[in-house]
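Undergrad: Have a peek at protein-v7.csv (CSV, C-alpha atoms and all ligand atoms).
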```csv
chain,number,residue,atom,x,y,z
A,1,MET,CA,0.0,0.0,0.0
A,2,PRO,CA,1.4,3.4,-0.9
A,3,ASN,CA,2.3,5.6,2.1
A,4,HIS,CA,1.3,9.2,1.3
A,5,GLY,CA,3.5,10.9,3.9
A,6,GLU,CA,1.0,13.3,5.6
A,7,SER,CA,3.0,16.5,5.2
A,8,SER,CA,4.2,16.2,1.6
A,9,HIS,CA,1.5,18.5,0.2
A,10,LYS,CA,2.2,21.9,1.6
A,11,GLU,CA,-0.1,23.9,-0.7
A,12,HIS,CA,-3.0,23.5,1.7
A,13,THR,CA,-2.4,22.6,5.4
A,14,PRO,CA,-5.5,20.6,6.4
A,15,VAL,CA,-7.1,21.9,9.6
A,16,LEU,CA,-8.2,19.9,12.6
A,17,ALA,CA,-6.8,17.0,10.7
A,18,ASN,CA,-6.2,14.4,13.3
A,19,ALA,CA,-9.6,14.9,15.0
A,20,PHE,CA,-11.3,14.8,11.6
A,21,ILE,CA,-9.6,11.5,10.6
A,22,ASP,CA,-10.0,9.9,14.0
A,23,ALA,CA,-13.7,10.8,13.8
A,24,LEU,CA,-14.2,9.1,10.5
A,25,CYS,CA,-11.7,6.3,10.3
A,26,ILE,CA,-13.3,3.7,12.3
A,27,ASP,CA,-12.9,0.7,9.9
A,28,PRO,CA,-9.7,0.2,7.9
A,29,ASP,CA,-11.6,-2.0,5.4
A,30,GLY,CA,-14.4,0.6,5.0
A,31,THR,CA,-15.7,2.7,2.2
A,32,TYR,CA,-15.2,6.5,2.6
A,33,VAL,CA,-16.1,9.8,0.9
A,34,ASP,CA,-14.0,13.0,1.2
A,35,ALA,CA,-16.6,15.4,-0.2
A,36,THR,CA,-14.0,18.3,-0.4
A,37,PHE,CA,-10.8,17.0,-1.8
A,38,GLY,CA,-8.9,20.4,-2.1
A,39,ARG,CA,-5.3,19.4,-2.4
A,40,GLY,CA,-6.0,16.0,-0.8
A,41,GLY,CA,-4.5,16.5,2.7
A,42,HIS,CA,-7.3,14.8,4.4
A,43,SER,CA,-7.7,12.2,1.6
A,44,ARG,CA,-4.0,11.2,2.0
A,45,MET,CA,-4.3,10.9,5.7
A,46,LEU,CA,-7.4,8.7,5.3
A,47,LEU,CA,-5.7,6.5,2.8
A,48,ASN,CA,-2.8,6.0,5.2
A,49,ARG,CA,-5.3,4.6,7.7
A,50,LEU,CA,-7.1,2.2,5.3
A,51,SER,CA,-6.1,-1.4,4.6
A,52,SER,CA,-5.6,-2.7,1.1
A,53,SER,CA,-9.3,-3.4,0.9
A,54,GLY,CA,-10.5,0.0,2.2
A,55,GLN,CA,-11.6,2.5,-0.5
A,56,LEU,CA,-12.0,6.2,-0.7
A,57,ILE,CA,-13.7,8.4,-3.3
A,58,ALA,CA,-13.4,12.2,-3.3
A,59,LEU,CA,-15.3,15.1,-4.8
A,60,ASP,CA,-14.4,18.6,-5.8
A,61,ARG,CA,-16.1,21.2,-8.0
A,62,ASP,CA,-12.8,23.0,-8.6
A,63,PRO,CA,-11.0,21.8,-11.8
A,64,ASP,CA,-7.5,22.5,-10.3
A,65,ALA,CA,-8.4,20.3,-7.2
A,66,VAL,CA,-9.6,17.5,-9.5
A,67,ALA,CA,-6.4,17.7,-11.5
A,68,GLU,CA,-4.5,17.0,-8.2
A,69,GLY,CA,-7.0,14.2,-7.5
A,70,LYS,CA,-6.2,12.6,-10.8
A,71,ARG,CA,-2.5,12.5,-9.9
A,72,LEU,CA,-3.4,10.7,-6.6
A,73,GLU,CA,-5.6,8.2,-8.6
A,74,THR,CA,-2.5,7.1,-10.5
A,75,GLU,CA,-0.6,6.5,-7.3
A,76,ASP,CA,-3.3,4.7,-5.3
A,77,PRO,CA,-5.7,2.1,-6.7
A,78,ARG,CA,-8.0,2.5,-3.6
A,79,PHE,CA,-8.8,6.1,-4.6
A,80,ARG,CA,-11.0,7.8,-7.1
A,81,ILE,CA,-11.8,11.5,-7.7
A,82,PHE,CA,-15.0,12.9,-9.1
A,83,TYR,CA,-15.4,16.3,-10.7
A,84,HIS,CA,-18.8,16.9,-8.9
A,85,ASP,CA,-20.4,19.3,-6.5
A,86,PHE,CA,-22.3,18.2,-3.4
A,87,ALA,CA,-25.5,18.1,-5.5
A,88,SER,CA,-24.0,15.1,-7.3
A,89,LEU,CA,-22.8,13.2,-4.2
A,90,GLU,CA,-25.3,10.5,-4.6
A,91,MET,CA,-24.2,10.0,-8.2
A,92,ALA,CA,-20.6,9.6,-7.1
A,93,ILE,CA,-21.5,7.1,-4.5
A,94,ASN,CA,-23.6,5.1,-7.1
A,95,ASP,CA,-20.8,5.4,-9.7
A,96,ALA,CA,-18.4,3.9,-7.2
A,97,GLY,CA,-20.8,0.9,-7.0
A,98,TRP,CA,-21.8,1.7,-3.4
A,99,ASP,CA,-25.1,2.3,-1.7
A,100,GLN,CA,-24.1,2.9,1.9
A,101,VAL,CA,-20.7,4.1,3.2
A,102,THR,CA,-18.7,3.9,6.4
A,103,GLY,CA,-17.9,7.6,6.6
A,104,ILE,CA,-18.2,11.0,4.9
A,105,GLY,CA,-16.2,14.1,5.6
A,106,PHE,CA,-16.7,17.7,4.6
A,107,ASP,CA,-14.1,20.4,5.0
A,108,LEU,CA,-16.0,23.4,3.9
A,109,GLY,CA,-14.9,26.8,2.6
A,110,VAL,CA,-12.0,27.6,0.2
A,111,SER,CA,-8.6,26.0,0.0
A,112,SER,CA,-5.4,27.9,0.4
A,113,PRO,CA,-4.6,27.6,-3.4
A,114,GLN,CA,-8.0,29.1,-4.2
A,115,PHE,CA,-7.5,31.9,-1.7
A,116,ASP,CA,-3.9,32.6,-2.5
A,117,GLN,CA,-4.2,32.8,-6.3
A,118,PRO,CA,-4.9,36.4,-7.2
A,119,ASP,CA,-6.7,35.5,-10.5
A,120,ARG,CA,-9.3,33.5,-8.6
A,121,GLY,CA,-10.6,36.7,-7.1
A,122,PHE,CA,-11.3,35.3,-3.6
A,123,SER,CA,-9.1,37.7,-1.6
A,124,PHE,CA,-8.6,41.4,-1.1
A,125,GLN,CA,-5.0,40.7,0.0
A,126,HIS,CA,-4.1,40.5,-3.7
A,127,ASP,CA,-5.5,42.4,-6.7
A,128,GLY,CA,-7.6,40.2,-8.9
A,129,PRO,CA,-10.7,40.0,-11.0
A,130,LEU,CA,-14.2,40.0,-9.5
A,131,ASP,CA,-14.6,36.2,-9.8
A,132,MET,CA,-14.8,34.0,-6.7
A,133,ARG,CA,-16.0,30.8,-8.5
A,134,MET,CA,-14.9,27.5,-7.1
A,135,ASN,CA,-16.0,26.0,-10.5
A,136,PHE,CA,-14.5,28.4,-13.0
A,137,GLU,CA,-15.6,26.3,-15.9
A,138,HIS,CA,-19.3,26.4,-15.3
A,139,ASP,CA,-20.5,29.0,-12.8
A,140,GLN,CA,-21.0,32.7,-13.2
A,141,PRO,CA,-18.2,35.0,-11.9
A,142,LEU,CA,-19.1,37.7,-9.4
A,143,SER,CA,-18.7,40.5,-12.0
A,144,GLN,CA,-21.6,38.9,-14.1
A,145,LYS,CA,-23.8,38.3,-11.1
A,146,LEU,CA,-23.4,41.9,-9.9
A,147,LYS,CA,-24.6,43.2,-13.3
A,148,HIS,CA,-28.1,41.7,-12.7
A,149,VAL,CA,-28.6,42.0,-9.0
A,150,SER,CA,-31.1,44.4,-7.4
A,151,GLU,CA,-30.2,46.5,-4.4
A,152,LYS,CA,-32.7,44.7,-2.2
A,153,GLU,CA,-31.1,41.3,-3.1
A,154,LEU,CA,-27.6,42.5,-2.6
A,155,VAL,CA,-28.5,43.9,0.9
A,156,ARG,CA,-30.0,40.5,1.7
A,157,VAL,CA,-26.9,38.6,0.5
A,158,ILE,CA,-24.5,40.8,2.5
A,159,ARG,CA,-26.6,40.8,5.6
A,160,GLU,CA,-27.6,37.1,5.6
A,161,TYR,CA,-24.4,35.5,4.4
A,162,GLY,CA,-22.0,38.0,6.0
A,163,ASP,CA,-23.8,39.0,9.2
A,164,GLU,CA,-22.8,42.5,8.1
A,165,ARG,CA,-24.5,45.3,10.1
A,166,TYR,CA,-23.6,47.9,7.4
A,167,ALA,CA,-25.1,45.7,4.6
A,168,GLY,CA,-27.3,48.5,3.2
A,169,ARG,CA,-24.5,51.1,3.0
A,170,ILE,CA,-22.1,48.6,1.4
A,171,ALA,CA,-24.7,47.3,-1.1
A,172,ARG,CA,-25.6,50.9,-2.2
A,173,ALA,CA,-21.9,51.8,-2.5
A,174,ILE,CA,-21.1,48.6,-4.6
A,175,LEU,CA,-23.9,49.4,-7.1
A,176,ARG,CA,-22.9,53.1,-7.3
A,177,ASP,CA,-19.3,52.3,-8.0
A,178,LEU,CA,-20.2,49.6,-10.5
A,179,LYS,CA,-22.4,52.1,-12.4
A,180,ALA,CA,-19.6,54.6,-12.4
A,181,GLY,CA,-17.2,52.0,-13.8
A,182,GLU,CA,-15.0,52.2,-10.7
A,183,LEU,CA,-15.5,48.7,-9.4
A,184,ASN,CA,-13.4,46.3,-11.5
A,185,SER,CA,-11.2,44.3,-9.2
A,186,THR,CA,-10.9,42.8,-5.7
A,187,ARG,CA,-8.9,45.9,-4.5
A,188,ASP,CA,-11.6,48.2,-5.8
A,189,LEU,CA,-14.2,46.1,-3.9
A,190,GLU,CA,-12.1,46.4,-0.8
A,191,ASN,CA,-11.9,50.1,-1.2
A,192,THR,CA,-15.7,50.4,-1.8
A,193,CYS,CA,-16.4,48.5,1.4
A,194,PHE,CA,-13.9,50.4,3.4
A,195,HIS,CA,-15.4,53.8,2.5
A,196,ALA,CA,-19.0,52.6,2.8
A,197,VAL,CA,-18.8,51.9,6.5
A,198,PRO,CA,-18.8,54.7,9.1
A,199,LYS,CA,-15.3,56.1,10.0
A,200,GLN,CA,-15.3,54.6,13.5
A,201,ALA,CA,-15.9,51.1,12.0
A,202,ARG,CA,-13.0,51.3,9.5
A,203,TYR,CA,-10.2,50.5,11.9
A,204,SER,CA,-12.0,48.5,14.7
A,205,GLY,CA,-12.2,44.7,14.5
A,206,SER,CA,-11.7,42.8,11.2
A,207,HIS,CA,-11.2,44.7,7.9
A,208,PRO,CA,-14.6,46.2,6.8
A,209,ALA,CA,-14.4,44.2,3.6
A,210,THR,CA,-14.0,40.8,5.3
A,211,ARG,CA,-17.7,40.0,5.8
A,212,THR,CA,-18.8,41.2,2.4
A,213,PHE,CA,-16.1,39.1,0.7
A,214,GLN,CA,-17.4,36.1,2.6
A,215,ALA,CA,-21.0,36.9,1.7
A,216,LEU,CA,-20.4,37.4,-2.0
A,217,ARG,CA,-18.4,34.1,-2.1
A,218,ILE,CA,-21.2,32.2,-0.5
A,219,TRP,CA,-23.6,33.8,-3.1
A,220,VAL,CA,-21.5,33.1,-6.1
A,221,ASN,CA,-21.0,29.5,-5.2
A,222,ASP,CA,-24.6,28.9,-3.8
A,223,GLU,CA,-22.8,27.4,-0.8
A,224,TYR,CA,-25.8,27.1,1.5
A,225,VAL,CA,-27.9,25.2,-1.0
A,226,GLN,CA,-24.9,23.0,-1.7
A,227,ILE,CA,-24.3,22.3,2.0
A,228,GLU,CA,-28.0,21.4,2.6
A,229,GLY,CA,-28.1,19.0,-0.3
A,230,GLY,CA,-24.7,17.5,0.5
A,231,VAL,CA,-25.3,16.9,4.2
A,232,ARG,CA,-28.8,15.5,3.7
A,233,CYS,CA,-27.5,13.1,1.1
A,234,ALA,CA,-24.6,12.1,3.3
A,235,MET,CA,-26.8,11.2,6.2
A,236,LYS,CA,-29.0,9.1,3.9
A,237,HIS,CA,-26.1,7.0,2.6
A,238,LEU,CA,-24.3,6.2,5.9
A,239,LEU,CA,-24.2,2.6,7.1
A,240,PRO,CA,-25.5,2.1,10.7
A,241,GLY,CA,-22.6,3.2,12.9
A,242,GLY,CA,-21.1,5.2,9.9
A,243,ARG,CA,-19.7,8.6,10.7
A,244,LEU,CA,-20.2,12.1,9.4
A,245,ALA,CA,-17.5,14.7,10.2
A,246,ILE,CA,-17.9,18.4,9.1
A,247,ILE,CA,-15.5,21.2,9.4
A,248,SER,CA,-16.9,24.7,9.0
A,249,PHE,CA,-15.4,28.2,9.2
A,250,HIS,CA,-18.0,30.6,10.3
A,251,SER,CA,-21.1,30.7,12.5
A,252,GLY,CA,-23.7,30.9,9.6
A,253,GLU,CA,-22.2,27.7,8.1
A,254,ASP,CA,-22.0,25.9,11.5
A,255,ARG,CA,-25.6,26.8,12.4
A,256,ARG,CA,-26.9,25.3,9.2
A,257,ILE,CA,-24.9,22.1,9.8
A,258,ARG,CA,-26.1,21.9,13.4
A,259,ASP,CA,-29.7,22.3,12.4
A,260,LEU,CA,-29.5,19.7,9.6
A,261,ILE,CA,-28.0,17.1,11.9
A,262,GLU,CA,-30.2,18.0,14.8
A,263,ALA,CA,-33.3,17.5,12.6
A,264,GLU,CA,-32.2,13.8,12.3
A,265,VAL,CA,-31.2,13.4,15.9
A,266,ASN,CA,-34.5,14.8,17.2
A,267,PRO,CA,-36.9,14.3,14.3
A,268,CYS,CA,-40.1,14.3,16.4
A,269,THR,CA,-42.6,16.9,15.0
A,270,CYS,CA,-45.2,16.5,17.7
A,271,PRO,CA,-46.2,19.8,19.5
A,272,PRO,CA,-44.3,20.2,22.8
A,273,GLN,CA,-47.5,20.0,24.8
A,274,PHE,CA,-48.2,16.4,23.6
A,275,PRO,CA,-47.5,14.0,26.5
A,276,MET,CA,-46.0,11.4,24.1
A,277,CYS,CA,-44.8,11.2,20.6
A,278,VAL,CA,-47.5,10.3,18.0
A,279,CYS,CA,-45.6,11.3,14.8
A,280,GLY,CA,-43.6,8.1,14.9
A,281,ARG,CA,-40.4,9.7,13.6
A,282,THR,CA,-37.3,8.0,15.1
A,283,PRO,CA,-33.7,9.3,15.1
A,284,SER,CA,-31.5,8.3,12.2
A,285,MET,CA,-28.4,10.1,13.7
A,286,ARG,CA,-26.8,10.6,17.1
A,287,TRP,CA,-24.3,13.2,18.1
A,288,ILE,CA,-20.7,12.2,18.7
A,289,GLN,CA,-19.5,15.8,19.0
A,290,LYS,CA,-22.4,18.2,19.4
A,291,LYS,CA,-20.4,21.2,20.8
A,292,PRO,CA,-18.0,22.1,17.9
A,293,LEU,CA,-14.4,21.0,18.5
A,294,ARG,CA,-11.9,23.8,17.9
A,295,PRO,CA,-8.2,23.9,17.1
A,296,SER,CA,-5.7,24.1,19.9
A,297,GLU,CA,-3.5,27.2,20.5
A,298,GLU,CA,-0.6,25.3,19.0
A,299,GLU,CA,-2.5,24.5,15.8
A,300,ILE,CA,-3.6,28.1,15.4
A,301,ALA,CA,0.0,29.3,15.9
A,302,ALA,CA,1.2,26.9,13.3
A,303,ASN,CA,-1.6,27.5,10.8
A,304,PRO,CA,-3.5,30.8,11.5
A,305,ARG,CA,-6.2,29.8,8.9
A,306,SER,CA,-7.4,27.2,11.3
A,307,ARG,CA,-8.4,29.9,13.8
A,308,SER,CA,-12.1,29.9,13.1
A,309,SER,CA,-12.6,26.2,12.2
A,310,MET,CA,-15.2,24.1,14.0
A,311,LEU,CA,-15.7,20.3,13.8
A,312,ARG,CA,-19.0,18.6,14.4
A,313,ILE,CA,-19.3,14.8,14.4
A,314,ALA,CA,-22.4,12.5,14.2
A,315,GLU,CA,-23.1,8.8,13.7
A,316,ALA,CA,-25.8,7.0,11.8
A,317,VAL,CA,-28.0,4.8,13.9
A,318,ALA,CA,-29.7,1.6,12.6
A,319,MET,CA,-33.1,2.3,11.0
A,320,ASP,CA,-34.9,2.3,7.7
A,321,ARG,CA,-32.8,5.0,6.0
A,322,THR,CA,-34.7,5.0,2.7
A,323,ARG,CA,-37.2,7.7,3.8
B,1,LIG,C1,-11.1,23.8,2.6
B,1,LIG,S1,-10.8,23.0,1.1
B,1,LIG,C2,-10.6,21.3,1.5
B,1,LIG,C3,-9.1,21.0,1.8
B,1,LIG,C4,-8.8,19.6,1.9
B,1,LIG,N1,-9.5,19.0,3.1
B,1,LIG,C5,-7.3,19.3,2.0
B,1,LIG,O1,-6.9,18.8,3.0
B,1,LIG,O2,-6.6,19.7,1.0
B,1,LIG,C6,-12.5,22.9,0.4
B,1,LIG,C7,-12.5,22.3,-1.0
B,1,LIG,O3,-13.9,21.9,-1.2
B,1,LIG,C8,-14.3,22.3,-2.4
B,1,LIG,N2,-15.7,22.5,-2.4
B,1,LIG,C9,-16.4,23.5,-1.7
B,1,LIG,N3,-17.7,23.4,-1.9
B,1,LIG,C10,-17.9,22.4,-2.7
B,1,LIG,C11,-19.1,21.8,-3.3
B,1,LIG,N4,-20.3,22.3,-3.0
B,1,LIG,N5,-18.9,20.7,-4.0
B,1,LIG,C12,-17.7,20.2,-4.3
B,1,LIG,N6,-16.5,20.7,-3.8
B,1,LIG,C13,-16.7,21.8,-3.0
B,1,LIG,C14,-13.5,23.5,-2.8
B,1,LIG,O4,-13.4,23.7,-4.2
B,1,LIG,C15,-12.2,23.3,-2.1
B,1,LIG,O5,-11.3,22.7,-3.0
```
How would this structure read if it were set down as structure tokens?
TA:
Amino acid sequence: MPNHGESSHKEHTPVLANAFIDALCIDPDGTYVDATFGRGGHSRMLLNRLSSSGQLIALDRDPDAVAEGKRLETEDPRFRIFYHDFASLEMAINDAGWDQVTGIGFDLGVSSPQFDQPDRGFSFQHDGPLDMRMNFEHDQPLSQKLKHVSEKELVRVIREYGDERYAGRIARAILRDLKAGELNSTRDLENTCFHAVPKQARYSGSHPATRTFQALRIWVNDEYVQIEGGVRCAMKHLLPGGRLAIISFHSGEDRRIRDLIEAEVNPCTCPPQFPMCVCGRTPSMRWIQKKPLRPSEEEIAANPRSRSSMLRIAEAVAMDRTR
């Protein structure tokens, strides 16, 4: 069996890696899904824990990540990569010839190569185009989406996906600068956000563009619809005792994950005043780690991007999982 040397791929340092792999890897002969391949840090660690009969498939919607996955495929016959998003998770599981799997992991958000490449347009730390697509072959870049968005919708996006209290001011400034032809790059967008917030908010806390960049990225990639579809599908395809491990990076993402899992842990829909359950819905999942696990101080010092990461873990319980 190839040994993938867990630190050989430095482009993206996987976060909460040992806890994530410990949570998932309960059977060396099992069948596993890494739903967010990235540069394969977690996939390689998983493969190192599997026996020669264990198998792993991985998904990514980013063509650059898939190219790296193709390289790993040639090195390890137990591994296959799929150029799919979460909406096609079921198709990938079926194409692998499986119905139920031993574990599925999600490590949400962007990878370091996506963030660090200026031409991907994810970051205001570099100047780049208004893009932000994970799948740059199919989806619409930010510049296109902004051409057709109403002020009301843009305020909603920035408020709901960025928890940004100055969403109204920022949305109006974005549309004004676009119309004036002054908003053409990530640096322009940073500048627009900076000047849109009141003076006293410009230098306190995180940079005034941080929340808006996060919100626009979630919008461009339809991330919450993707997460909902992916996590529901994952729970449907776990073997009894199979594990679901999910790393998220901000509270909006984590809340959605908590609620999706909690709906399967406590599925009863009876009104609280009923003395006993009459809806008959029984749990299909149980929490292994309900309170999100966070990185240690040492991990944060070694990899500052792990700072906001949170890991939740749940396990499938035996039941009729076809509903
Ligand atoms: C944080 S990185 C994962 C890093 C990976 N664990 C590693 O160790 O290299 C997240 C990856 O998930 C991918 N991704 C995010 N949302 C996705 C979706 N809805 N469908 C498929 N891939 C997605 C991104 O393109 C990115 O490559």
Undergrad: List as a list in words the protein and nucleic acid residues near A:Glu164, meaning an atom at most 12 Å away when only C-alpha atoms are counted, but skip any in the same chain fewer than 6 places from it.
TA: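 The filter keeps Leu154, Val155, Arg156, Val157, Ile158, Ile170, Ala171, Cys193, Val197, Ala201, Ser206, His207, Pro208, Ala209, Thr210, Arg211, Thr212, Phe213, Gln214, Ala215, Leu216 and Gly252 of chain A.
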Undergrad: Which residue out of A:Glu297, A:Asp222, A:Asp163, A:Asp34 has the minimum interatomic distance to A:Leu142 when only C-alpha atoms are used?
TA: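 Closest to A:Leu142 of all the choices is A:Asp222.
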Undergrad: Report, in Å to a single decimal, how far apart atom CA of A:Ile227 and atom CA of A:Leu108 are.
TA: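 Atom CA of A:Leu108 sits 8.6 Å away from atom CA of A:Ile227.
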Undergrad: Smallest atom-to-atom distance to A:Val101: which of A:Pro63, A:Gly168, A:Gly241, A:Pro118, using all atoms listed in the file?
TA: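 Looking at the shortest contact to A:Val101, the residue is A:Gly241.
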Undergrad: Would you pick out the contacts of stretch 71-81 of chain A at 9 Å or less, using only C-alpha atoms, so that residues sharing its chain but fewer than 4 positions from it are not included, and give the list as JSON, numbers by chain?
TA: {"A": [1, 2, 37, 40, 43, 44, 47, 50, 52, 53, 54, 55, 56, 57, 58, 59, 60, 66, 67, 96]}
Undergrad: Give me, as CSV, the closest atom pair and its distance (Å, one decimal) for every residue of chain A within a cut-off of 7 Å of ligand LIG 1 (chain B), counting only C-alpha atoms and all ligand atoms, rows sorted by chain and rising number.
TA:
```
residue,atom,partner,partner_atom,distance
A:His12,CA,B:LIG1,O2,5.3
A:Thr13,CA,B:LIG1,O1,6.4
A:Pro14,CA,B:LIG1,O1,4.1
A:Ala35,CA,B:LIG1,C12,6.4
A:Thr36,CA,B:LIG1,O3,3.7
A:Phe37,CA,B:LIG1,C4,4.9
A:Gly38,CA,B:LIG1,O5,3.4
A:Arg39,CA,B:LIG1,O2,3.7
A:Gly40,CA,B:LIG1,O2,4.2
A:Gly41,CA,B:LIG1,O1,3.3
A:His42,CA,B:LIG1,O1,4.3
A:Ser43,CA,B:LIG1,O1,6.8
A:Leu59,CA,B:LIG1,C12,5.7
A:Asp60,CA,B:LIG1,N6,3.6
A:Arg61,CA,B:LIG1,C12,4.2
A:Asp62,CA,B:LIG1,O4,4.5
A:Ala65,CA,B:LIG1,O5,5.6
A:His84,CA,B:LIG1,C12,5.8
A:Asp85,CA,B:LIG1,N5,3.2
A:Phe86,CA,B:LIG1,N5,4.3
A:Asp107,CA,B:LIG1,C2,5.0
A:Leu108,CA,B:LIG1,C6,5.0
A:Gly109,CA,B:LIG1,C1,4.8
A:Val110,CA,B:LIG1,C1,4.6
A:Ser111,CA,B:LIG1,S1,3.9
A:Met134,CA,B:LIG1,O4,5.0
A:Glu223,CA,B:LIG1,N4,6.1
A:Gln226,CA,B:LIG1,N4,4.8
A:Ile227,CA,B:LIG1,N4,6.4
```
Undergrad: Quick one: residues within 12 Å of A:Trp98, only C-alpha atoms counted, chain neighbours fewer than 3 positions away excluded, as number ranges by chain?
TA: A: 30-33, 55-57, 89-95, 101-102, 237-239
Undergrad: Tell me which of A:His195, A:Val149, A:Asp64, A:Asp99 sits closest to A:Asn135, counting all atoms listed in the file.
TA: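 The shortest atom-to-atom distance to A:Asn135 comes from A:Asp64.
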